[in-house]
>>> print(open('input03.txt').read())   # compact mmCIF, C-alpha atoms
# COMPACT_ATOMS: atom_id res chain seq x y z
CA MET L 9 0.00 0.00 0.00
CA ASP L 10 2.80 2.42 0.86
CA LYS L 11 4.96 1.93 -2.24
CA PRO L 12 2.57 3.45 -4.82
CA LEU L 13 2.38 6.61 -2.71
CA LEU L 14 6.13 7.25 -2.74
CA PRO L 15 6.41 8.65 -6.31
CA THR L 16 3.62 11.13 -5.54
CA VAL L 17 5.44 12.41 -2.45
CA VAL L 18 8.69 12.76 -4.38
CA LEU L 19 6.95 14.68 -7.14
CA GLU L 20 5.43 17.05 -4.58
CA GLU L 21 8.82 17.62 -2.98
CA LYS L 22 10.43 18.38 -6.34
CA SER L 23 7.64 20.72 -7.36
CA VAL L 24 8.00 22.60 -4.07
CA SER L 25 11.77 22.94 -4.52
CA LYS L 26 11.21 24.54 -7.95
CA LEU L 27 9.10 27.24 -6.34
CA VAL L 28 11.87 28.35 -3.98
CA SER L 29 13.09 30.84 -6.61
CA ASN L 30 9.63 32.41 -6.78
CA PRO L 31 10.15 35.89 -5.22
CA TYR L 32 6.49 36.19 -4.20
CA LEU L 33 6.56 32.84 -2.43
CA ARG L 34 9.70 33.89 -0.54
CA ALA L 35 8.20 37.25 0.36
CA ALA L 36 5.25 35.54 2.05
CA THR L 37 7.57 34.69 4.96
CA SER L 38 9.80 37.31 6.56
CA ASP L 39 13.57 36.82 6.45
CA ASN L 40 13.76 36.62 10.25
CA THR L 41 11.08 33.93 10.38
CA ARG L 42 12.78 31.97 7.61
CA LEU L 43 16.12 32.12 9.45
CA ALA L 44 14.46 30.95 12.67
CA TYR L 45 12.86 28.00 10.87
CA ARG L 46 16.18 26.96 9.35
CA SER L 47 17.98 27.24 12.68
CA ASP L 48 15.36 25.10 14.43
CA ILE L 49 15.51 22.41 11.75
CA ARG L 50 19.33 22.31 11.99
CA GLU L 51 19.15 21.92 15.77
CA TYR L 52 16.67 19.07 15.40
CA GLU L 53 18.98 17.31 12.93
CA LYS L 54 22.02 17.88 15.18
CA TRP L 55 20.21 16.00 17.92
CA GLY L 56 19.83 13.10 15.51
CA GLY L 57 16.35 13.74 14.22
CA VAL L 58 15.51 12.57 10.73
CA LEU L 59 13.27 14.22 8.16
CA PRO L 60 10.54 13.50 7.36
CA ALA L 61 9.75 12.64 10.98
CA ASN L 62 7.02 10.64 12.65
CA PRO L 63 5.21 11.49 15.92
CA GLU L 64 7.24 9.00 17.98
CA GLN L 65 10.53 10.63 16.90
CA ILE L 66 9.29 14.09 17.79
CA VAL L 67 8.08 12.93 21.21
CA ARG L 68 11.55 11.50 21.89
CA TYR L 69 13.07 14.84 20.81
CA LEU L 70 10.80 16.77 23.17
CA GLU L 71 11.64 14.42 26.03
CA ALA L 72 15.38 14.77 25.36
CA LYS L 73 15.23 18.58 25.31
CA ALA L 74 12.62 19.13 28.03
CA VAL L 75 15.13 20.24 30.69
CA GLU L 76 17.64 21.94 28.38
CA LEU L 77 15.20 24.16 26.46
CA SER L 78 12.30 26.30 27.60
CA PHE L 79 8.73 25.37 26.83
CA ARG L 80 8.47 28.38 24.48
CA THR L 81 11.57 27.32 22.51
CA LEU L 82 10.23 23.80 22.12
CA ALA L 83 6.86 25.14 20.97
CA ARG L 84 8.60 27.30 18.36
CA ARG L 85 10.62 24.33 17.11
CA LEU L 86 7.42 22.37 16.66
CA VAL L 87 6.13 25.20 14.47
CA SER L 88 9.31 25.00 12.39
CA LEU L 89 8.96 21.24 12.01
CA ARG L 90 5.29 21.64 11.09
CA ASN L 91 6.13 24.17 8.39
CA TRP L 92 8.95 22.03 6.98
CA HIS L 93 6.67 19.02 6.56
CA LYS L 94 3.83 21.02 5.05
CA CYS L 95 6.11 22.82 2.57
CA GLN L 96 7.70 19.54 1.50
CA GLY L 97 4.33 17.87 0.98
CA PHE L 98 4.60 15.42 3.87
CA VAL L 99 2.01 14.60 6.52
CA ASP L 100 2.44 16.88 9.55
CA PRO L 101 3.62 14.65 12.43
CA THR L 102 3.26 17.48 14.97
CA ALA L 103 -0.54 17.32 14.61
CA HIS L 104 -0.68 14.03 16.52
CA PRO L 105 -2.49 14.43 19.89
CA MET L 106 0.40 12.96 21.89
CA ILE L 107 2.66 15.84 20.73
CA ALA L 108 0.38 18.44 22.33
CA LYS L 109 0.02 16.32 25.48
CA THR L 110 3.79 15.89 25.79
CA LEU L 111 4.34 19.62 25.39
CA LEU L 112 1.69 20.36 28.03
CA GLY L 113 3.34 17.91 30.42
CA ILE L 114 6.71 19.60 29.90
CA ALA L 115 5.14 22.98 30.63
CA ARG L 116 3.60 21.71 33.87
CA ILE L 117 6.81 20.09 35.12
CA HIS L 118 9.50 22.45 33.81
CA GLY L 119 7.57 25.62 33.01
CA LYS L 120 9.03 28.93 34.19
CA PRO L 121 7.81 32.54 34.00
CA LYS L 122 8.83 34.28 30.81
CA ASP L 123 12.05 36.30 31.11
CA LYS L 124 10.72 39.80 30.48
CA ALA L 125 12.76 42.90 29.76
CA PRO L 126 12.43 45.40 32.61
CA PRO L 127 10.74 48.65 31.58
CA LEU L 128 12.82 51.78 31.05
CA THR L 129 11.19 54.61 33.00
CA PRO L 130 11.05 58.30 32.07
CA ASP L 131 13.40 58.99 35.01
CA HIS L 132 15.89 56.50 33.56
CA LEU L 133 15.64 58.14 30.16
CA CYS L 134 16.12 61.61 31.65
CA GLN L 135 19.32 60.45 33.36
CA ILE L 136 20.66 58.97 30.14
CA ALA L 137 19.66 62.00 28.05
CA GLN L 138 21.33 64.45 30.46
CA TYR L 139 24.49 62.35 30.46
CA LEU L 140 24.62 62.10 26.66
CA GLN L 141 23.96 65.80 26.14
CA ALA L 142 27.01 66.58 28.28
CA GLU L 143 29.24 64.12 26.41
CA LYS L 144 29.10 66.07 23.10
CA THR L 145 30.41 63.27 20.87
CA LEU L 146 28.95 62.00 17.61
CA ALA L 147 28.00 58.69 19.23
CA ALA L 148 26.35 60.47 22.15
CA ALA L 149 24.23 62.63 19.82
CA ARG L 150 23.13 59.55 17.89
CA ASP L 151 22.36 57.49 21.00
CA ASN L 152 20.38 60.30 22.62
CA ALA L 153 18.14 60.66 19.55
CA LEU L 154 17.89 56.87 19.15
CA LEU L 155 16.78 56.18 22.72
CA GLN L 156 14.40 59.12 23.02
CA ILE L 157 12.69 58.35 19.70
CA GLY L 158 12.61 54.65 20.55
CA PHE L 159 10.93 55.32 23.89
CA LEU L 160 8.53 58.15 22.98
CA GLY L 161 7.60 56.44 19.72
CA ALA L 162 7.18 53.03 21.38
CA LEU L 163 9.22 51.66 18.49
CA ARG L 164 10.49 48.14 17.99
CA ARG L 165 14.22 47.87 17.37
CA SER L 166 13.63 46.69 13.79
CA GLU L 167 11.51 49.79 13.18
CA LEU L 168 14.11 52.09 14.71
CA VAL L 169 17.01 50.96 12.57
CA ALA L 170 14.89 50.95 9.40
CA ILE L 171 14.02 54.65 9.61
CA GLN L 172 15.22 56.68 6.64
CA ILE L 173 15.58 60.46 6.86
CA GLU L 174 13.07 60.70 4.02
CA HIS L 175 10.52 59.01 6.30
CA ILE L 176 10.47 61.97 8.71
CA LYS L 177 7.93 64.75 8.33
CA TRP L 178 8.49 67.88 10.38
CA GLU L 179 5.38 69.48 11.82
CA LYS L 180 4.79 72.44 14.13
CA GLU L 181 3.65 70.03 16.86
CA GLY L 182 6.56 67.62 16.45
CA ILE L 183 7.51 64.92 13.96
CA GLU L 184 5.71 62.17 12.07
CA ILE L 185 7.71 59.09 11.13
CA LEU L 186 6.53 56.78 8.36
CA LEU L 187 7.14 53.12 9.13
CA PRO L 188 7.00 51.39 5.71
CA VAL L 189 7.05 47.92 7.29
CA SER L 190 6.82 46.55 10.80
CA LYS L 191 6.03 43.37 12.67
CA THR L 192 2.29 44.09 12.51
CA ASP L 193 2.40 45.43 8.93
CA GLN L 194 4.08 42.79 6.81
CA THR L 195 2.25 43.88 3.63
CA HIS L 196 3.79 47.37 3.69
CA GLN L 197 0.56 49.31 4.11
CA GLY L 198 2.58 51.82 6.12
CA GLN L 199 2.06 53.09 9.65
CA TYR L 200 2.79 56.45 11.24
CA CYS L 201 4.41 57.28 14.53
CA ALA L 202 3.79 60.80 15.86
CA ILE L 203 6.18 62.21 18.47
CA PRO L 204 5.29 65.62 19.92
CA ASN L 205 7.69 68.36 20.96
CA GLY L 206 9.00 67.78 24.45
CA ASN L 207 10.23 69.86 27.35
CA GLN L 208 13.52 70.76 28.95
CA LYS L 209 13.98 67.25 30.35
CA LEU L 210 13.02 65.15 27.34
CA CYS L 211 12.59 66.20 23.73
CA ALA L 212 13.10 63.62 21.02
CA VAL L 213 12.53 66.29 18.35
CA SER L 214 15.40 68.47 19.62
CA ALA L 215 17.63 65.40 20.06
CA LEU L 216 16.90 64.39 16.47
CA LYS L 217 17.68 67.86 15.11
CA HIS L 218 20.96 67.89 17.03
CA TRP L 219 21.95 64.48 15.65
CA LEU L 220 21.16 65.41 12.05
CA ASN L 221 23.08 68.69 12.31
CA LYS L 222 26.08 67.14 14.03
CA ALA L 223 26.26 64.22 11.57
CA GLU L 224 25.42 66.48 8.60
CA LEU L 225 22.87 63.98 7.33
CA LYS L 226 20.32 64.78 4.65
CA THR L 227 19.22 61.42 3.22
CA GLY L 228 19.50 57.69 3.82
CA PRO L 229 19.54 55.69 7.07
CA LEU L 230 18.84 57.84 10.11
CA PHE L 231 20.72 55.86 12.76
CA ARG L 232 24.09 54.77 11.38
CA ARG L 233 27.14 52.92 12.59
CA ILE L 234 30.10 54.92 13.80
CA LEU L 235 33.43 53.44 12.76
CA ILE L 236 36.34 52.68 15.06
CA ASN L 237 38.13 55.84 13.93
CA GLY L 238 35.10 57.89 14.98
CA GLU L 239 33.88 58.59 11.46
CA LEU L 240 30.25 58.16 10.49
CA GLY L 241 29.47 55.06 8.46
CA THR L 242 26.95 54.73 5.66
CA LYS L 243 25.15 51.61 6.88
CA ALA L 244 22.30 51.57 9.37
CA LEU L 245 22.66 50.13 12.86
CA THR L 246 21.63 46.51 13.28
CA PRO L 247 18.63 45.66 15.49
CA LEU L 248 20.94 43.93 17.97
CA SER L 249 23.04 47.09 18.36
CA VAL L 250 20.02 48.86 19.91
CA ASN L 251 20.28 46.37 22.80
CA HIS L 252 23.98 47.08 23.25
CA ILE L 253 23.56 50.86 23.14
CA LEU L 254 20.76 50.87 25.72
CA LYS L 255 22.63 48.58 28.11
CA GLN L 256 25.90 50.48 27.74
CA ARG L 257 24.37 53.92 28.30
CA ALA L 258 22.24 52.74 31.22
CA GLN L 259 25.31 51.22 32.88
CA GLU L 260 27.33 54.38 32.34
CA VAL L 261 24.84 56.46 34.32
CA GLY L 262 24.63 53.83 37.07
CA ILE L 263 21.05 52.60 36.61
CA GLN L 264 20.39 49.54 38.74
CA ASP L 265 20.03 46.26 36.81
CA ALA L 266 21.02 48.03 33.60
CA ILE L 267 22.51 44.77 32.33
CA SER L 268 18.97 43.35 32.15
CA PHE L 269 17.72 46.04 29.76
CA ARG L 270 16.89 45.06 26.20
CA SER L 271 15.54 47.06 23.31
CA HIS L 272 12.03 45.97 24.29
CA SER L 273 12.55 47.89 27.55
CA LEU L 274 11.88 51.08 25.55
CA ARG L 275 8.53 49.88 24.23
CA ARG L 276 7.48 48.20 27.45
CA GLY L 277 8.57 51.24 29.45
CA PHE L 278 6.45 53.54 27.31
CA ALA L 279 3.29 51.45 27.80
CA THR L 280 3.81 51.06 31.54
CA SER L 281 4.58 54.77 32.04
CA ALA L 282 1.63 55.86 29.91
CA ALA L 283 -0.73 53.67 31.93
CA LYS L 284 0.60 55.16 35.18
CA ALA L 285 -0.05 58.63 33.74
CA GLY L 286 -3.70 57.72 33.14
CA VAL L 287 -3.55 57.29 29.35
CA SER L 288 -6.38 55.12 28.02
CA LEU L 289 -5.71 51.62 26.75
CA GLN L 290 -6.99 52.61 23.32
CA SER L 291 -4.55 55.53 23.06
CA ILE L 292 -1.60 53.38 24.19
CA MET L 293 -2.44 50.72 21.61
CA ARG L 294 -2.84 53.28 18.83
CA HIS L 295 0.43 55.04 19.61
CA GLY L 296 2.41 51.80 19.91
CA ARG L 297 0.63 50.13 16.97
CA TRP L 298 -0.28 47.13 19.13
CA LYS L 299 -2.79 44.68 17.73
CA GLN L 300 -3.20 42.38 20.75
CA VAL L 301 -5.06 43.86 23.71
CA SER L 302 -3.69 41.15 26.01
CA THR L 303 -0.11 42.29 25.42
CA VAL L 304 -0.83 45.89 26.39
CA ILE L 305 -2.97 44.90 29.38
CA GLU L 306 0.00 42.97 30.74
CA TYR L 307 2.12 46.14 30.56
CA VAL L 308 -0.67 48.24 32.09
CA GLU L 309 -1.14 45.83 34.97
CA ALA L 310 2.61 45.81 35.63
CA GLY L 311 2.49 49.57 36.11
CA GLU L 312 -0.58 49.53 38.32
CA ARG L 313 0.21 46.79 40.83
CA PHE L 314 0.29 49.35 43.66
CA VAL L 315 -2.67 51.37 42.29
CA ASP L 316 -6.05 50.38 43.73
CA ASN L 317 -4.14 47.71 45.64
CA ALA L 318 -6.35 45.56 47.89
CA ALA L 319 -3.70 45.30 50.60
CA ASN L 320 -3.33 49.09 50.62
CA LYS L 321 -7.04 49.44 51.33
CA ILE L 322 -6.68 47.22 54.39
CA LEU L 323 -3.58 49.06 55.64
CA ASP L 324 -5.36 52.40 55.27
CA GLU L 325 -7.84 51.32 57.92
CA PHE L 326 -5.14 51.19 60.61
>>> encode(input="input03.txt", output="structure tokens")
Amino acid sequence: MDKPLLPTVVLEEKSVSKLVSNPYLRAATSDNTRLAYRSDIREYEKWGGVLPANPEQIVRYLEAKAVELSFRTLARRLVSLRNWHKCQGFVDPTAHPMIAKTLLGIARIHGKPKDKAPPLTPDHLCQIAQYLQAEKTLAAARDNALLQIGFLGALRRSELVAIQIEHIKWEKEGIEILLPVSKTDQTHQGQYCAIPNGNQKLCAVSALKHWLNKAELKTGPLFRRILINGELGTKALTPLSVNHILKQRAQEVGIQDAISFRSHSLRRGFATSAAKAGVSLQSIMRHGRWKQVSTVIEYVEAGERFVDNAANKILDEF
């Protein structure tokens, strides 16, 4: 029974491989997602997994990696394996019920809270901005504009480094930044980020003007690499470099736990701070271009754990 089916499977696999050169097919999946899929498949094969796989093999893989890898990493690798099998025309072994049960069991036994980036607060940002303004170097001017725009625009690191000078529109009230593509806009419909003029403590608009004037930039990537000799490069910063810059600058001003900051601390910090300031959930979501209410509610709740606190109500009675 099995042998007559083999030629059909081979034909499907060959036909799929011919479509790899199709630019529209490739564009359907982002480069980052494609790289993650490939990495996960390589790790599965390093362990000794064979492709195509069957449910029993995948269960053994999950059991072998249950302690070493987090539940979230294992879940992502299952997605990669699922996509590989579907794209190659094979039956999806991850759809078997015992795969989901095994993953649930791993979560119950080895599950841990997600490692979340701590939020950057406005006070933190003020400290960093004041420090960078006093430094008066090219890198300091860039980093000050980068971090203020990243925070006040609630921007993802990929969005930050993709900004072109041509994407900025100067208005009397502040600046509008066109985001041609982002995590929640994969079809390039375009989204806008509006950052108002600030005050004496924080002003992303002034920081941006200072950076552009100091770097003498007119077109091209906004946030660029600075070479070892101190000269300005032509290429944009990488997303990972936003992490390094934030950590380095936070450590330099002596912020506690600065080593734990990541680029997401800017975005998370904005949402948490806005909620503390009484900004509505709808306004926070619109400004940060969030699509999932649950994500923003998590940030809001993190900033309001001592607001309307039940224990506080009891203590107030004494």
>>> residues_around(input="input03.txt", residues="L:Leu254", least_positions_apart="5", cutoff="10 Å", atoms="only C-alpha atoms", output="number ranges by chain")
L: 128, 133, 136, 151-152, 154-155, 249, 259-260, 266-267, 269-271, 273-274
>>> atom_distance(input="input03.txt", atom1="atom CA of L:Ala279", atom2="atom CA of L:Val304")
7.1 Å
>>> residues_around(input="input03.txt", residues="L:Arg90", least_positions_apart="4", cutoff="12 Å", atoms="all atoms listed in the file", output="list in words")
Tyr45, Asp48, Ile49, Leu59, Pro60, Ala61, Asn62, Pro63, Ile66, Ala83, Arg84, Arg85, Leu86, Lys94, Cys95, Gln96, Gly97, Phe98, Val99, Asp100, Pro101, Thr102, Ala103, His104 and Ile107 of chain L
>>> axis_aligned_box(input="input03.txt", around="stretch 250-267 of chain L", padding_each_side="8 Å", output="lines of an AutoDock Vina configuration file")
center_x = 23.7
center_y = 50.6
center_z = 29.3
size_x = 23.3
size_y = 27.7
size_z = 34.8
>>> closest_residue(input="input03.txt", among="L:Gly296, L:Gly182, L:Gly56, L:Gly113", to="L:Ser214", atoms="only C-alpha atoms")
L:Gly182
>>> residues_around(input="input03.txt", residues="L:His218", least_positions_apart="2", cutoff="10 Å", atoms="only C-alpha atoms", output="JSON, numbers by chain")
{"L": [141, 146, 149, 150, 152, 153, 212, 213, 214, 215, 216, 220, 221, 222, 223, 224]}
>>> closest_residue(input="input03.txt", among="L:Arg80, L:Leu235, L:Leu163, L:Cys134", to="L:Lys122", atoms="all atoms listed in the file")
L:Arg80
>>> atom_distance(input="input03.txt", atom1="atom CA of L:Ile157", atom2="atom CA of L:Leu230")
11.4 Å
>>> closest_residue(input="input03.txt", among="L:Pro204, L:Pro126, L:Gly161, L:Gly119", to="L:Leu186", atoms="all atoms listed in the file")
L:Gly161
>>> closest_residue(input="input03.txt", among="L:Pro127, L:Leu289, L:Lys243, L:Thr145", to="L:Gln172", atoms="only C-alpha atoms")
L:Lys243
>>> residues_around(input="input03.txt", residues="L:Leu160", least_positions_apart="3", cutoff="7 Å", atoms="all atoms listed in the file", output="list in words")
Gln156, Ile157, Ile203 and Phe278 of chain L
>>> decode(input="input03.txt", residues="stretch 277-305 of chain L", atoms="C-alpha atoms", output="mmCIF file, in the first residue's frame")
data_model
loop_
_atom_site.group_PDB
_atom_site.id
_atom_site.type_symbol
_atom_site.label_atom_id
_atom_site.label_comp_id
_atom_site.auth_asym_id
_atom_site.auth_seq_id
_atom_site.Cartn_x
_atom_site.Cartn_y
_atom_site.Cartn_z
ATOM 1 C CA GLY L 277 8.567 51.238 29.454
ATOM 2 C CA PHE L 278 6.447 53.535 27.314
ATOM 3 C CA ALA L 279 3.290 51.453 27.797
ATOM 4 C CA THR L 280 3.810 51.063 31.542
ATOM 5 C CA SER L 281 4.577 54.770 32.043
ATOM 6 C CA ALA L 282 1.627 55.858 29.906
ATOM 7 C CA ALA L 283 -0.727 53.667 31.935
ATOM 8 C CA LYS L 284 0.597 55.161 35.184
ATOM 9 C CA ALA L 285 -0.050 58.626 33.744
ATOM 10 C CA GLY L 286 -3.696 57.716 33.140
ATOM 11 C CA VAL L 287 -3.550 57.292 29.353
ATOM 12 C CA SER L 288 -6.380 55.120 28.016
ATOM 13 C CA LEU L 289 -5.706 51.618 26.754
ATOM 14 C CA GLN L 290 -6.986 52.609 23.317
ATOM 15 C CA SER L 291 -4.549 55.527 23.059
ATOM 16 C CA ILE L 292 -1.599 53.381 24.188
ATOM 17 C CA MET L 293 -2.440 50.719 21.605
ATOM 18 C CA ARG L 294 -2.844 53.276 18.834
ATOM 19 C CA HIS L 295 0.432 55.043 19.611
ATOM 20 C CA GLY L 296 2.412 51.800 19.907
ATOM 21 C CA ARG L 297 0.626 50.131 16.974
ATOM 22 C CA TRP L 298 -0.279 47.135 19.133
ATOM 23 C CA LYS L 299 -2.791 44.675 17.729
ATOM 24 C CA GLN L 300 -3.199 42.376 20.750
ATOM 25 C CA VAL L 301 -5.059 43.859 23.708
ATOM 26 C CA SER L 302 -3.691 41.154 26.014
ATOM 27 C CA THR L 303 -0.109 42.292 25.415
ATOM 28 C CA VAL L 304 -0.832 45.885 26.394
ATOM 29 C CA ILE L 305 -2.974 44.898 29.375
#
